[in-house]
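Below is input-v2.cif, which holds mmCIF, C-alpha atoms.
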data_protein
#
loop_
_atom_site.label_atom_id
_atom_site.label_comp_id
_atom_site.auth_asym_id
_atom_site.auth_seq_id
_atom_site.Cartn_x
_atom_site.Cartn_y
_atom_site.Cartn_z
CA MET X 1 -33.19 38.62 -45.81
CA ASN X 2 -31.04 35.51 -45.88
CA ASN X 3 -27.75 36.25 -47.62
CA LEU X 4 -27.80 32.72 -49.01
CA ALA X 5 -31.10 33.30 -50.80
CA THR X 6 -31.18 34.95 -54.19
CA VAL X 7 -33.74 37.55 -55.21
CA SER X 8 -35.25 35.11 -57.70
CA GLU X 9 -35.66 32.47 -54.97
CA ILE X 10 -37.46 34.96 -52.76
CA GLN X 11 -39.69 36.10 -55.62
CA LEU X 12 -40.86 32.52 -56.09
CA ASN X 13 -42.27 32.65 -52.56
CA PRO X 14 -44.90 35.41 -52.19
CA TYR X 15 -44.82 35.15 -48.42
CA LEU X 16 -41.10 35.89 -48.24
CA GLU X 17 -41.69 38.80 -50.59
CA ASP X 18 -44.29 40.17 -48.19
CA LEU X 19 -41.87 39.79 -45.28
CA GLN X 20 -39.40 42.01 -47.13
CA SER X 21 -42.07 44.73 -47.26
CA LEU X 22 -42.04 44.98 -43.47
CA THR X 23 -39.61 47.86 -43.31
CA ILE X 24 -39.66 51.16 -41.45
CA PRO X 25 -40.60 54.05 -43.79
CA ASN X 26 -38.31 57.07 -44.03
CA THR X 27 -41.15 59.42 -43.11
CA THR X 28 -43.87 58.99 -40.49
CA ASN X 29 -47.60 59.66 -40.73
CA GLY X 30 -47.29 62.37 -38.10
CA LEU X 31 -48.61 60.19 -35.26
CA GLY X 32 -46.49 58.84 -32.41
CA PHE X 33 -47.11 55.88 -30.11
CA ALA X 34 -46.15 54.57 -26.69
CA SER X 35 -45.99 50.83 -26.10
CA VAL X 36 -46.16 48.96 -22.80
CA PHE X 37 -45.89 45.18 -22.32
CA CYS X 38 -43.92 45.45 -25.57
CA GLY X 39 -42.50 41.91 -25.40
CA GLY X 40 -40.69 40.95 -28.58
CA GLY X 41 -42.14 43.92 -30.46
CA GLY X 42 -44.92 42.63 -32.71
CA LEU X 43 -47.20 45.61 -32.06
CA ASP X 44 -44.29 48.08 -32.05
CA LEU X 45 -43.07 46.83 -35.40
CA GLY X 46 -46.53 46.72 -36.99
CA PHE X 47 -47.33 50.28 -35.97
CA SER X 48 -43.91 51.52 -37.08
CA VAL X 49 -44.28 49.87 -40.49
CA ALA X 50 -47.69 51.56 -40.78
CA GLY X 51 -45.98 54.94 -40.41
CA PHE X 52 -46.31 55.67 -36.69
CA LYS X 53 -43.28 57.05 -34.88
CA PRO X 54 -42.16 55.01 -31.85
CA LEU X 55 -41.77 57.34 -28.88
CA PHE X 56 -41.71 55.08 -25.84
CA SER X 57 -41.49 51.29 -25.44
CA SER X 58 -41.34 49.37 -22.20
CA ASP X 59 -41.64 45.94 -20.64
CA VAL X 60 -40.81 44.61 -17.20
CA GLU X 61 -38.26 42.26 -18.83
CA ALA X 62 -35.01 44.06 -19.67
CA THR X 63 -34.07 41.56 -22.40
CA TYR X 64 -37.32 42.29 -24.25
CA CYS X 65 -36.49 45.98 -24.19
CA GLU X 66 -33.07 45.14 -25.61
CA THR X 67 -34.78 43.49 -28.58
CA ILE X 68 -36.81 46.64 -29.23
CA LYS X 69 -33.81 48.92 -28.75
CA GLN X 70 -31.58 46.96 -31.11
CA ASN X 71 -34.19 46.67 -33.87
CA LEU X 72 -36.32 49.78 -33.56
CA GLY X 73 -34.36 52.17 -31.40
CA SER X 74 -33.90 55.59 -32.93
CA HIS X 75 -33.41 59.21 -31.94
CA GLY X 76 -36.21 60.28 -29.64
CA HIS X 77 -37.37 56.71 -28.93
CA ILE X 78 -37.12 55.87 -25.22
CA VAL X 79 -36.81 52.11 -24.61
CA GLU X 80 -36.41 50.92 -21.02
CA PRO X 81 -37.73 48.31 -18.57
CA HIS X 82 -40.50 49.27 -16.15
CA ASP X 83 -43.10 47.69 -13.91
CA ILE X 84 -46.25 49.38 -15.22
CA SER X 85 -47.71 49.59 -11.72
CA LYS X 86 -44.89 52.04 -10.96
CA LEU X 87 -44.92 53.82 -14.32
CA SER X 88 -46.48 57.27 -14.57
CA GLY X 89 -48.07 58.23 -17.86
CA VAL X 90 -47.65 61.88 -16.97
CA ASP X 91 -43.90 61.37 -16.56
CA VAL X 92 -43.68 59.50 -19.87
CA VAL X 93 -45.35 62.36 -21.77
CA GLU X 94 -43.03 64.85 -20.10
CA ARG X 95 -39.95 62.84 -21.01
CA VAL X 96 -41.06 62.25 -24.60
CA GLY X 97 -41.58 65.99 -24.98
CA ARG X 98 -44.67 65.81 -27.22
CA ASP X 99 -48.21 64.48 -27.28
CA ILE X 100 -48.51 60.73 -27.54
CA ASP X 101 -51.22 60.00 -30.09
CA VAL X 102 -51.71 56.27 -29.52
CA VAL X 103 -50.97 53.88 -26.66
CA ILE X 104 -50.67 50.17 -27.47
CA GLY X 105 -50.27 47.11 -25.31
CA GLY X 106 -51.35 43.61 -24.39
CA PRO X 107 -51.21 42.97 -20.63
CA PRO X 108 -49.81 39.50 -19.82
CA CYS X 109 -52.37 36.94 -20.85
CA GLN X 110 -51.45 33.89 -18.75
CA SER X 111 -54.24 34.47 -16.25
CA PHE X 112 -56.77 34.78 -19.07
CA SER X 113 -55.54 31.99 -21.32
CA ILE X 114 -57.09 28.54 -21.61
CA LEU X 115 -53.49 27.34 -21.20
CA GLY X 116 -52.93 29.33 -18.03
CA SER X 117 -54.47 29.31 -14.59
CA ARG X 118 -57.73 30.93 -15.80
CA GLY X 119 -57.77 32.84 -12.54
CA SER X 120 -58.54 35.87 -14.67
CA ILE X 121 -58.74 39.23 -12.96
CA ALA X 122 -58.31 37.69 -9.51
CA ASP X 123 -54.77 36.77 -10.59
CA PRO X 124 -52.21 39.57 -9.98
CA ARG X 125 -51.32 39.39 -13.68
CA GLY X 126 -54.96 40.11 -14.49
CA GLN X 127 -54.71 43.28 -12.42
CA LEU X 128 -52.18 44.60 -14.92
CA ALA X 129 -55.08 45.25 -17.30
CA TYR X 130 -56.37 47.82 -14.82
CA GLU X 131 -52.92 49.39 -14.56
CA TYR X 132 -53.00 49.71 -18.35
CA ALA X 133 -56.29 51.65 -18.12
CA ARG X 134 -54.69 53.99 -15.60
CA PHE X 135 -51.70 54.53 -17.86
CA VAL X 136 -53.96 55.36 -20.82
CA LYS X 137 -55.98 57.79 -18.69
CA GLN X 138 -52.82 59.61 -17.61
CA ILE X 139 -51.43 59.94 -21.14
CA LYS X 140 -54.73 60.97 -22.78
CA PRO X 141 -53.87 59.70 -26.28
CA LYS X 142 -56.18 60.10 -29.26
CA ALA X 143 -56.60 56.33 -29.30
CA PHE X 144 -55.43 53.17 -27.58
CA LEU X 145 -55.25 49.48 -28.44
CA PHE X 146 -55.72 46.56 -26.05
CA GLU X 147 -54.81 43.01 -27.13
CA ASN X 148 -55.38 39.68 -25.43
CA VAL X 149 -56.24 36.02 -25.88
CA PRO X 150 -59.78 34.98 -26.92
CA GLY X 151 -60.11 32.88 -23.76
CA LEU X 152 -60.79 36.13 -21.95
CA LEU X 153 -64.20 36.33 -23.64
CA THR X 154 -65.49 33.13 -22.03
CA LEU X 155 -64.13 33.39 -18.49
CA ASN X 156 -66.95 33.42 -15.95
CA LYS X 157 -69.42 33.24 -18.84
CA GLY X 158 -68.17 36.53 -20.24
CA THR X 159 -68.60 38.48 -17.03
CA ASP X 160 -64.89 39.28 -16.67
CA TRP X 161 -64.66 40.68 -20.20
CA ASN X 162 -67.79 42.82 -19.80
CA ASN X 163 -66.54 44.11 -16.45
CA LEU X 164 -63.15 44.93 -17.93
CA LEU X 165 -64.70 46.83 -20.85
CA SER X 166 -66.99 48.74 -18.48
CA PHE X 167 -64.02 49.65 -16.33
CA PHE X 168 -62.03 50.93 -19.32
CA GLU X 169 -64.99 52.99 -20.52
CA SER X 170 -65.71 54.53 -17.11
CA GLU X 171 -62.04 55.02 -16.19
CA THR X 172 -60.89 56.56 -19.48
CA GLY X 173 -64.09 58.00 -20.92
CA TYR X 174 -63.12 56.61 -24.35
CA TYR X 175 -65.42 55.16 -26.98
CA ILE X 176 -64.48 51.48 -27.33
CA LYS X 177 -65.15 48.72 -29.82
CA TRP X 178 -63.70 45.23 -29.97
CA ILE X 179 -63.42 42.22 -32.25
CA LYS X 180 -61.81 38.78 -32.48
CA LEU X 181 -59.32 38.60 -35.34
CA ASN X 182 -57.29 35.75 -36.81
CA ALA X 183 -53.72 36.46 -37.93
CA VAL X 184 -54.09 34.09 -40.89
CA TRP X 185 -56.54 36.59 -42.45
CA PHE X 186 -53.73 39.13 -42.80
CA GLY X 187 -51.06 36.92 -44.31
CA ALA X 188 -49.67 34.94 -41.40
CA PRO X 189 -49.03 31.25 -42.13
CA GLN X 190 -50.51 30.57 -38.70
CA LEU X 191 -53.96 30.20 -37.15
CA ARG X 192 -53.81 32.67 -34.28
CA LYS X 193 -56.92 34.33 -32.84
CA ARG X 194 -56.69 37.42 -30.71
CA VAL X 195 -59.14 39.82 -29.09
CA ILE X 196 -58.46 43.41 -30.09
CA ALA X 197 -60.14 46.40 -28.48
CA VAL X 198 -59.59 49.96 -29.64
CA GLY X 199 -60.66 53.12 -27.86
CA PHE X 200 -60.93 56.66 -29.19
CA ARG X 201 -61.03 59.88 -27.22
CA THR X 202 -63.59 61.54 -29.49
CA GLU X 203 -66.79 60.16 -30.96
CA LYS X 204 -65.80 61.66 -34.32
CA ASP X 205 -62.63 59.56 -34.58
CA PHE X 206 -64.48 56.53 -33.22
CA SER X 207 -67.11 56.78 -35.94
CA LYS X 208 -64.42 56.87 -38.64
CA PHE X 209 -62.74 53.66 -37.52
CA THR X 210 -63.42 50.39 -39.32
CA TRP X 211 -61.78 47.03 -38.75
CA PRO X 212 -59.41 45.69 -41.42
CA THR X 213 -60.99 43.06 -43.65
CA ALA X 214 -59.64 39.57 -44.20
CA VAL X 215 -57.41 39.13 -47.25
CA PHE X 216 -56.76 35.40 -46.77
CA SER X 217 -59.17 32.63 -45.85
CA ASP X 218 -58.92 30.44 -42.75
CA SER X 219 -58.55 27.30 -44.86
CA VAL X 220 -58.87 26.04 -48.42
CA LYS X 221 -62.18 24.39 -47.50
CA GLN X 222 -63.59 27.75 -46.37
CA LEU X 223 -62.18 29.67 -49.31
CA GLU X 224 -64.48 32.39 -50.55
CA LEU X 225 -64.28 34.06 -53.95
CA TYR X 226 -62.95 37.36 -52.64
CA LYS X 227 -60.25 35.84 -50.42
CA GLN X 228 -56.91 34.27 -51.21
CA PRO X 229 -56.00 30.77 -49.96
CA PRO X 230 -54.24 30.78 -46.58
CA ARG X 231 -50.46 30.89 -46.45
CA THR X 232 -48.89 27.54 -45.60
CA SER X 233 -46.22 26.80 -43.03
CA SER X 234 -43.88 25.45 -45.72
CA GLN X 235 -43.78 28.94 -47.30
CA ALA X 236 -42.57 30.34 -43.98
CA LEU X 237 -39.86 27.77 -43.37
CA GLU X 238 -37.92 28.13 -46.62
CA LEU X 239 -34.48 29.75 -46.92
CA VAL X 240 -33.69 30.14 -43.20
CA SER X 241 -30.10 28.89 -43.17
CA GLY X 242 -27.69 31.50 -41.84
CA LEU X 243 -30.35 33.81 -40.39
CA PRO X 244 -30.22 35.27 -36.85
CA ASN X 245 -31.87 33.12 -34.15
CA HIS X 246 -31.73 30.02 -36.35
CA THR X 247 -29.95 27.73 -33.90
CA LEU X 248 -31.04 24.11 -34.04
CA ARG X 249 -31.91 22.45 -30.76
CA GLN X 250 -29.98 19.21 -30.27
CA HIS X 251 -32.24 16.20 -29.64
CA SER X 252 -31.19 12.76 -28.50
CA GLU X 253 -31.38 9.94 -31.03
CA ARG X 254 -34.29 8.51 -29.04
CA VAL X 255 -36.33 11.74 -29.36
CA SER X 256 -35.45 12.22 -33.04
CA THR X 257 -36.48 8.64 -33.79
CA ARG X 258 -39.77 9.16 -31.98
CA TYR X 259 -40.43 12.38 -33.89
CA SER X 260 -39.77 10.56 -37.17
CA THR X 261 -42.93 8.54 -36.58
CA ILE X 262 -45.19 11.59 -36.14
CA PRO X 263 -47.18 12.31 -39.33
CA PRO X 264 -47.78 15.86 -40.62
CA GLY X 265 -50.35 17.48 -38.35
CA GLY X 266 -49.91 14.73 -35.75
CA ARG X 267 -48.99 14.94 -32.07
CA ASP X 268 -46.24 13.25 -30.11
CA LYS X 269 -47.93 11.27 -27.33
CA LYS X 270 -45.02 11.62 -24.92
CA ASP X 271 -44.31 15.34 -24.87
CA HIS X 272 -47.57 16.45 -26.56
CA THR X 273 -45.73 18.45 -29.20
CA ASP X 274 -47.51 18.95 -32.51
CA ARG X 275 -45.90 18.40 -35.90
CA ILE X 276 -46.57 21.17 -38.40
CA HIS X 277 -48.48 20.21 -41.54
CA PRO X 278 -46.49 21.66 -44.45
CA ASN X 279 -49.53 22.35 -46.62
CA LYS X 280 -51.57 24.20 -44.00
CA PRO X 281 -51.08 27.19 -41.71
CA SER X 282 -49.49 26.16 -38.43
CA GLY X 283 -51.35 26.15 -35.16
CA THR X 284 -50.85 28.98 -32.70
CA VAL X 285 -47.20 29.50 -31.81
CA LEU X 286 -47.04 29.01 -28.05
CA VAL X 287 -44.90 30.51 -25.33
CA GLY X 288 -44.41 27.33 -23.35
CA SER X 289 -42.81 27.21 -19.93
CA GLY X 290 -40.00 29.42 -18.79
CA ALA X 291 -38.05 26.40 -17.62
CA GLY X 292 -38.31 24.58 -20.93
CA GLY X 293 -37.40 27.40 -23.24
CA GLY X 294 -40.71 27.46 -25.05
CA ARG X 295 -42.88 24.79 -26.57
CA PRO X 296 -42.01 24.87 -30.25
CA PHE X 297 -43.60 22.69 -32.90
CA ILE X 298 -41.91 19.76 -34.61
CA HIS X 299 -40.58 20.73 -38.02
CA PRO X 300 -42.75 19.40 -40.88
CA HIS X 301 -39.87 17.58 -42.61
CA GLU X 302 -36.99 17.39 -40.14
CA HIS X 303 -37.23 15.44 -36.91
CA ARG X 304 -36.60 18.36 -34.54
CA HIS X 305 -38.23 21.36 -32.95
CA ILE X 306 -38.47 24.50 -35.04
CA THR X 307 -35.97 27.22 -34.23
CA VAL X 308 -36.68 30.70 -32.88
CA ARG X 309 -36.29 32.09 -36.41
CA GLU X 310 -38.70 29.57 -37.86
CA ALA X 311 -41.24 30.42 -35.14
CA ALA X 312 -40.69 34.10 -35.94
CA ARG X 313 -41.37 33.38 -39.61
CA LEU X 314 -44.73 31.85 -38.63
CA GLN X 315 -45.40 35.02 -36.63
CA THR X 316 -44.57 37.28 -39.64
CA PHE X 317 -41.46 38.84 -38.14
CA PRO X 318 -39.08 39.89 -40.94
CA ASP X 319 -35.66 38.27 -41.01
CA TRP X 320 -33.84 41.45 -40.00
CA TRP X 321 -35.67 41.51 -36.65
CA GLU X 322 -33.36 39.77 -34.16
CA PHE X 323 -34.38 38.54 -30.71
CA PHE X 324 -32.02 39.04 -27.78
CA GLY X 325 -31.62 37.42 -24.39
CA GLY X 326 -30.92 33.78 -25.22
CA PRO X 327 -33.15 31.00 -26.59
CA THR X 328 -35.58 30.76 -23.65
CA SER X 329 -36.23 34.49 -23.69
CA ALA X 330 -36.37 34.58 -27.49
CA TYR X 331 -38.95 31.79 -27.72
CA ARG X 332 -41.12 33.60 -25.18
CA GLN X 333 -40.82 36.90 -27.05
CA VAL X 334 -41.92 35.25 -30.28
CA GLY X 335 -44.73 33.25 -28.71
CA ASN X 336 -46.23 36.22 -26.87
CA ALA X 337 -46.16 38.59 -29.83
CA VAL X 338 -48.92 39.99 -31.98
CA PRO X 339 -48.01 39.06 -35.57
CA PRO X 340 -46.62 42.26 -37.15
CA MET X 341 -48.66 41.83 -40.34
CA MET X 342 -51.88 41.81 -38.33
CA ALA X 343 -50.66 44.72 -36.21
CA ARG X 344 -49.88 46.70 -39.37
CA ALA X 345 -53.41 46.13 -40.71
CA ILE X 346 -55.00 47.42 -37.50
CA ALA X 347 -52.57 50.32 -37.20
CA SER X 348 -53.36 51.47 -40.73
CA ARG X 349 -57.07 51.67 -39.90
CA ILE X 350 -56.36 53.60 -36.69
CA ALA X 351 -54.20 56.02 -38.68
CA GLU X 352 -57.03 56.58 -41.18
CA ALA X 353 -59.53 57.25 -38.39
CA LEU X 354 -57.16 59.80 -36.83
CA GLY X 355 -56.66 61.58 -40.15
CA ALA X 356 -52.98 60.72 -40.51
CA LYS X 357 -51.12 62.68 -43.13
#

Mind turning this structure into structure tokens?
Amino acid sequence: MNNLATVSEIQLNPYLEDLQSLTIPNTTNGLGFASVFCGGGGLDLGFSVAGFKPLFSSDVEATYCETIKQNLGSHGHIVEPHDISKLSGVDVVERVGRDIDVVIGGPPCQSFSILGSRGSIADPRGQLAYEYARFVKQIKPKAFLFENVPGLLTLNKGTDWNNLLSFFESETGYYIKWIKLNAVWFGAPQLRKRVIAVGFRTEKDFSKFTWPTAVFSDSVKQLELYKQPPRTSSQALELVSGLPNHTLRQHSERVSTRYSTIPPGGRDKKDHTDRIHPNKPSGTVLVGSGAGGGRPFIHPHEHRHITVREAARLQTFPDWWEFFGGPTSAYRQVGNAVPPMMARAIASRIAEALGAK
């Protein structure tokens, strides 16, 4: 945590307390995982916190792998860049030297996203989903997880999603179920919906699996008796001074003055950047363009974009998790990630279904 923050200050903020709980346990649950399309490590971290042992992590971007290596690298954990179309699951198992119990990954979503080309599976990036199925088939894990954007469900009136599921089922022979989850339900101060599919090699394990239930509500207006109010963005943005990746972007006086007129929850008409409302969860943290170094929100109180660290806070990355490769790469790693708190909730249910010790 921030060296400038006292324990008492952190304890006054339940969200920051929860972030401190995202640590790697000294002992594992006996299950090991391989991760592809690892990005900034949201899934890798969530599964590790849930007790899984990281065995293999890979992404085509070398800087993303450096982030995983520096934060999660340990003895017996292979972290290296690969193009999945050239990556053999058989070779990975041989190099790891043990069975891989779970494979996790979210093939690049730009071709599926409402913000992308929506070319879907016809786009070469969409084909990576099929490469992922091949990789799973070669490794033969007890279970696998597939993550993507909810826009995939509506492309071509749902035909693409149904075809993809059918392909995974026929190609791998696994029993598959899927759901749309919102990260805010699991403690993220951010509204972020994702499609999660899980597959199990045996019907017995499949029948034991249940989805994690929501702990927090979507909004105060939709608050139900058994759920807590949603976390707010202001909780996430406290006590960030001095933390890694907290480098303020310098804006011209003209831009700062323009941002000063944007109300909480409002949008700048020129660059279409949203201002975070301090008393609500933020919107979905976005990747943005590679040329622009991400598309971060406007800070709720200061007239500037949020930093990489502040975006990571909204994504539920703990403060000790540092992103490497420069600001453009770091913003993209954060924006592409599965929030670790949501990943932990799913991983825990997979562990239970597999009879983890």

Which residues would end up in the selection if the PyMOL selection byres ((chain X and resi 331) around 9) were applied here, given that I need the answer as an mmCIF file with C-alpha atoms, keeping the file's coordinate frame?
data_model
loop_
_atom_site.group_PDB
_atom_site.id
_atom_site.type_symbol
_atom_site.label_atom_id
_atom_site.label_comp_id
_atom_site.auth_asym_id
_atom_site.auth_seq_id
_atom_site.Cartn_x
_atom_site.Cartn_y
_atom_site.Cartn_z
ATOM 1 C CA LEU X 286 -47.040 29.010 -28.050
ATOM 2 C CA VAL X 287 -44.900 30.510 -25.330
ATOM 3 C CA GLY X 288 -44.410 27.330 -23.350
ATOM 4 C CA GLY X 293 -37.400 27.400 -23.240
ATOM 5 C CA GLY X 294 -40.710 27.460 -25.050
ATOM 6 C CA ARG X 295 -42.880 24.790 -26.570
ATOM 7 C CA PRO X 296 -42.010 24.870 -30.250
ATOM 8 C CA THR X 307 -35.970 27.220 -34.230
ATOM 9 C CA VAL X 308 -36.680 30.700 -32.880
ATOM 10 C CA ALA X 311 -41.240 30.420 -35.140
ATOM 11 C CA ALA X 312 -40.690 34.100 -35.940
ATOM 12 C CA PHE X 323 -34.380 38.540 -30.710
ATOM 13 C CA GLY X 326 -30.920 33.780 -25.220
ATOM 14 C CA PRO X 327 -33.150 31.000 -26.590
ATOM 15 C CA THR X 328 -35.580 30.760 -23.650
ATOM 16 C CA SER X 329 -36.230 34.490 -23.690
ATOM 17 C CA ALA X 330 -36.370 34.580 -27.490
ATOM 18 C CA ARG X 332 -41.120 33.600 -25.180
ATOM 19 C CA GLN X 333 -40.820 36.900 -27.050
ATOM 20 C CA VAL X 334 -41.920 35.250 -30.280
ATOM 21 C CA GLY X 335 -44.730 33.250 -28.710
ATOM 22 C CA ASN X 336 -46.230 36.220 -26.870
#

Shell of 12 Å around Pro340 of chain X, all atoms listed in the file, local chain residues under 6 positions omitted, as an MDAnalysis selection string
chainID X and resid 18:19 21:23 40:50 183:184 186:188 312:318 321 334 346:348

How would the residues just picked look written out with C-alpha atoms as a compact mmCIF listing (two decimals), in the coordinates of the input?
# COMPACT_ATOMS: atom_id res chain seq x y z
CA ASP X 18 -44.29 40.17 -48.19
CA LEU X 19 -41.87 39.79 -45.28
CA SER X 21 -42.07 44.73 -47.26
CA LEU X 22 -42.04 44.98 -43.47
CA THR X 23 -39.61 47.86 -43.31
CA GLY X 40 -40.69 40.95 -28.58
CA GLY X 41 -42.14 43.92 -30.46
CA GLY X 42 -44.92 42.63 -32.71
CA LEU X 43 -47.20 45.61 -32.06
CA ASP X 44 -44.29 48.08 -32.05
CA LEU X 45 -43.07 46.83 -35.40
CA GLY X 46 -46.53 46.72 -36.99
CA PHE X 47 -47.33 50.28 -35.97
CA SER X 48 -43.91 51.52 -37.08
CA VAL X 49 -44.28 49.87 -40.49
CA ALA X 50 -47.69 51.56 -40.78
CA ALA X 183 -53.72 36.46 -37.93
CA VAL X 184 -54.09 34.09 -40.89
CA PHE X 186 -53.73 39.13 -42.80
CA GLY X 187 -51.06 36.92 -44.31
CA ALA X 188 -49.67 34.94 -41.40
CA ALA X 312 -40.69 34.10 -35.94
CA ARG X 313 -41.37 33.38 -39.61
CA LEU X 314 -44.73 31.85 -38.63
CA GLN X 315 -45.40 35.02 -36.63
CA THR X 316 -44.57 37.28 -39.64
CA PHE X 317 -41.46 38.84 -38.14
CA PRO X 318 -39.08 39.89 -40.94
CA TRP X 321 -35.67 41.51 -36.65
CA VAL X 334 -41.92 35.25 -30.28
CA ILE X 346 -55.00 47.42 -37.50
CA ALA X 347 -52.57 50.32 -37.20
CA SER X 348 -53.36 51.47 -40.73

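Remark: for Leu145 of chain X, the closest of the candidate residues X:Arg267, X:Asp99, X:Thr67, X:Ile350 is X:Ile350 (distances computed over all atoms listed in the file).
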
Nearest to Trp161 of chain X, restricted to all atoms listed in the file and choosing among X:Pro229, X:Thr273, X:Val195, X:Thr257, comes out as X:Val195

Shortest contact to Ser234 of chain X, candidates X:Val220, X:Ile298, X:Ile276, X:Ala345, atoms counted all atoms listed in the file, goes to X:Ile276

Of X:Leu31, X:Leu239, X:Lys227, X:Tyr130, the one sitting nearest Leu12 of chain X when using only C-alpha atoms is X:Leu239

Expressed in Å, the length from atom CA of Gln250 of chain X to atom CA of His272 of chain X is 18.2 Å

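Within the file as shown, the PyMOL selection byres ((chain X and resi 282) around 6) identifies Gln190, Ser233, Ile276, Pro281 and Gly283 of chain X.
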
For the selection just defined, write its residues with C-alpha atoms to a file, as a short mmCIF file (atom, residue, chain, number, x, y, z; two decimals), in the frame of the given file.
data_model
loop_
_atom_site.label_atom_id
_atom_site.label_comp_id
_atom_site.auth_asym_id
_atom_site.auth_seq_id
_atom_site.Cartn_x
_atom_site.Cartn_y
_atom_site.Cartn_z
CA GLN X 190 -50.51 30.57 -38.70
CA SER X 233 -46.22 26.80 -43.03
CA ILE X 276 -46.57 21.17 -38.40
CA PRO X 281 -51.08 27.19 -41.71
CA GLY X 283 -51.35 26.15 -35.16
#

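Comparing X:Val255, X:Val136, X:Leu128, X:Cys38 by their smallest distance to His305 of chain X, the closest is X:Val255 (using only C-alpha atoms).
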
Nearby residues (all atoms listed in the file) at most 8 Å from segment 261-265 of chain X, same-chain spacing under 2 positions excluded, as a compact mmCIF listing (two decimals) with C-alpha atoms, in the frame of the given file:
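Saved to result_35.txt:
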# COMPACT_ATOMS: atom_id res chain seq x y z
CA THR X 257 -36.48 8.64 -33.79
CA ARG X 258 -39.77 9.16 -31.98
CA TYR X 259 -40.43 12.38 -33.89
CA ARG X 267 -48.99 14.94 -32.07
CA ASP X 268 -46.24 13.25 -30.11
CA ASP X 274 -47.51 18.95 -32.51
CA ARG X 275 -45.90 18.40 -35.90
CA ILE X 276 -46.57 21.17 -38.40
CA HIS X 277 -48.48 20.21 -41.54
CA PRO X 278 -46.49 21.66 -44.45
CA PRO X 300 -42.75 19.40 -40.88

May I have the residues within 12 Å of Ile100 of chain X as a PDB file with C-alpha atoms, in the frame of the given file, using only C-alpha atoms and disregarding those fewer than 5 positions away in the same chain?
ATOM      1  CA  GLY X  30     -47.290  62.370 -38.100  1.00  0.00           C
ATOM      2  CA  LEU X  31     -48.610  60.190 -35.260  1.00  0.00           C
ATOM      3  CA  GLY X  32     -46.490  58.840 -32.410  1.00  0.00           C
ATOM      4  CA  PHE X  33     -47.110  55.880 -30.110  1.00  0.00           C
ATOM      5  CA  ALA X  34     -46.150  54.570 -26.690  1.00  0.00           C
ATOM      6  CA  SER X  35     -45.990  50.830 -26.100  1.00  0.00           C
ATOM      7  CA  PHE X  52     -46.310  55.670 -36.690  1.00  0.00           C
ATOM      8  CA  LYS X  53     -43.280  57.050 -34.880  1.00  0.00           C
ATOM      9  CA  PRO X  54     -42.160  55.010 -31.850  1.00  0.00           C
ATOM     10  CA  LEU X  55     -41.770  57.340 -28.880  1.00  0.00           C
ATOM     11  CA  PHE X  56     -41.710  55.080 -25.840  1.00  0.00           C
ATOM     12  CA  SER X  57     -41.490  51.290 -25.440  1.00  0.00           C
ATOM     13  CA  HIS X  77     -37.370  56.710 -28.930  1.00  0.00           C
ATOM     14  CA  GLY X  89     -48.070  58.230 -17.860  1.00  0.00           C
ATOM     15  CA  VAL X  90     -47.650  61.880 -16.970  1.00  0.00           C
ATOM     16  CA  ASP X  91     -43.900  61.370 -16.560  1.00  0.00           C
ATOM     17  CA  VAL X  92     -43.680  59.500 -19.870  1.00  0.00           C
ATOM     18  CA  VAL X  93     -45.350  62.360 -21.770  1.00  0.00           C
ATOM     19  CA  GLU X  94     -43.030  64.850 -20.100  1.00  0.00           C
ATOM     20  CA  ARG X  95     -39.950  62.840 -21.010  1.00  0.00           C
ATOM     21  CA  PHE X 135     -51.700  54.530 -17.860  1.00  0.00           C
ATOM     22  CA  VAL X 136     -53.960  55.360 -20.820  1.00  0.00           C
ATOM     23  CA  LYS X 137     -55.980  57.790 -18.690  1.00  0.00           C
ATOM     24  CA  GLN X 138     -52.820  59.610 -17.610  1.00  0.00           C
ATOM     25  CA  ILE X 139     -51.430  59.940 -21.140  1.00  0.00           C
ATOM     26  CA  LYS X 140     -54.730  60.970 -22.780  1.00  0.00           C
ATOM     27  CA  PRO X 141     -53.870  59.700 -26.280  1.00  0.00           C
ATOM     28  CA  LYS X 142     -56.180  60.100 -29.260  1.00  0.00           C
ATOM     29  CA  ALA X 143     -56.600  56.330 -29.300  1.00  0.00           C
ATOM     30  CA  PHE X 144     -55.430  53.170 -27.580  1.00  0.00           C
TER      31      PHE X 144
END
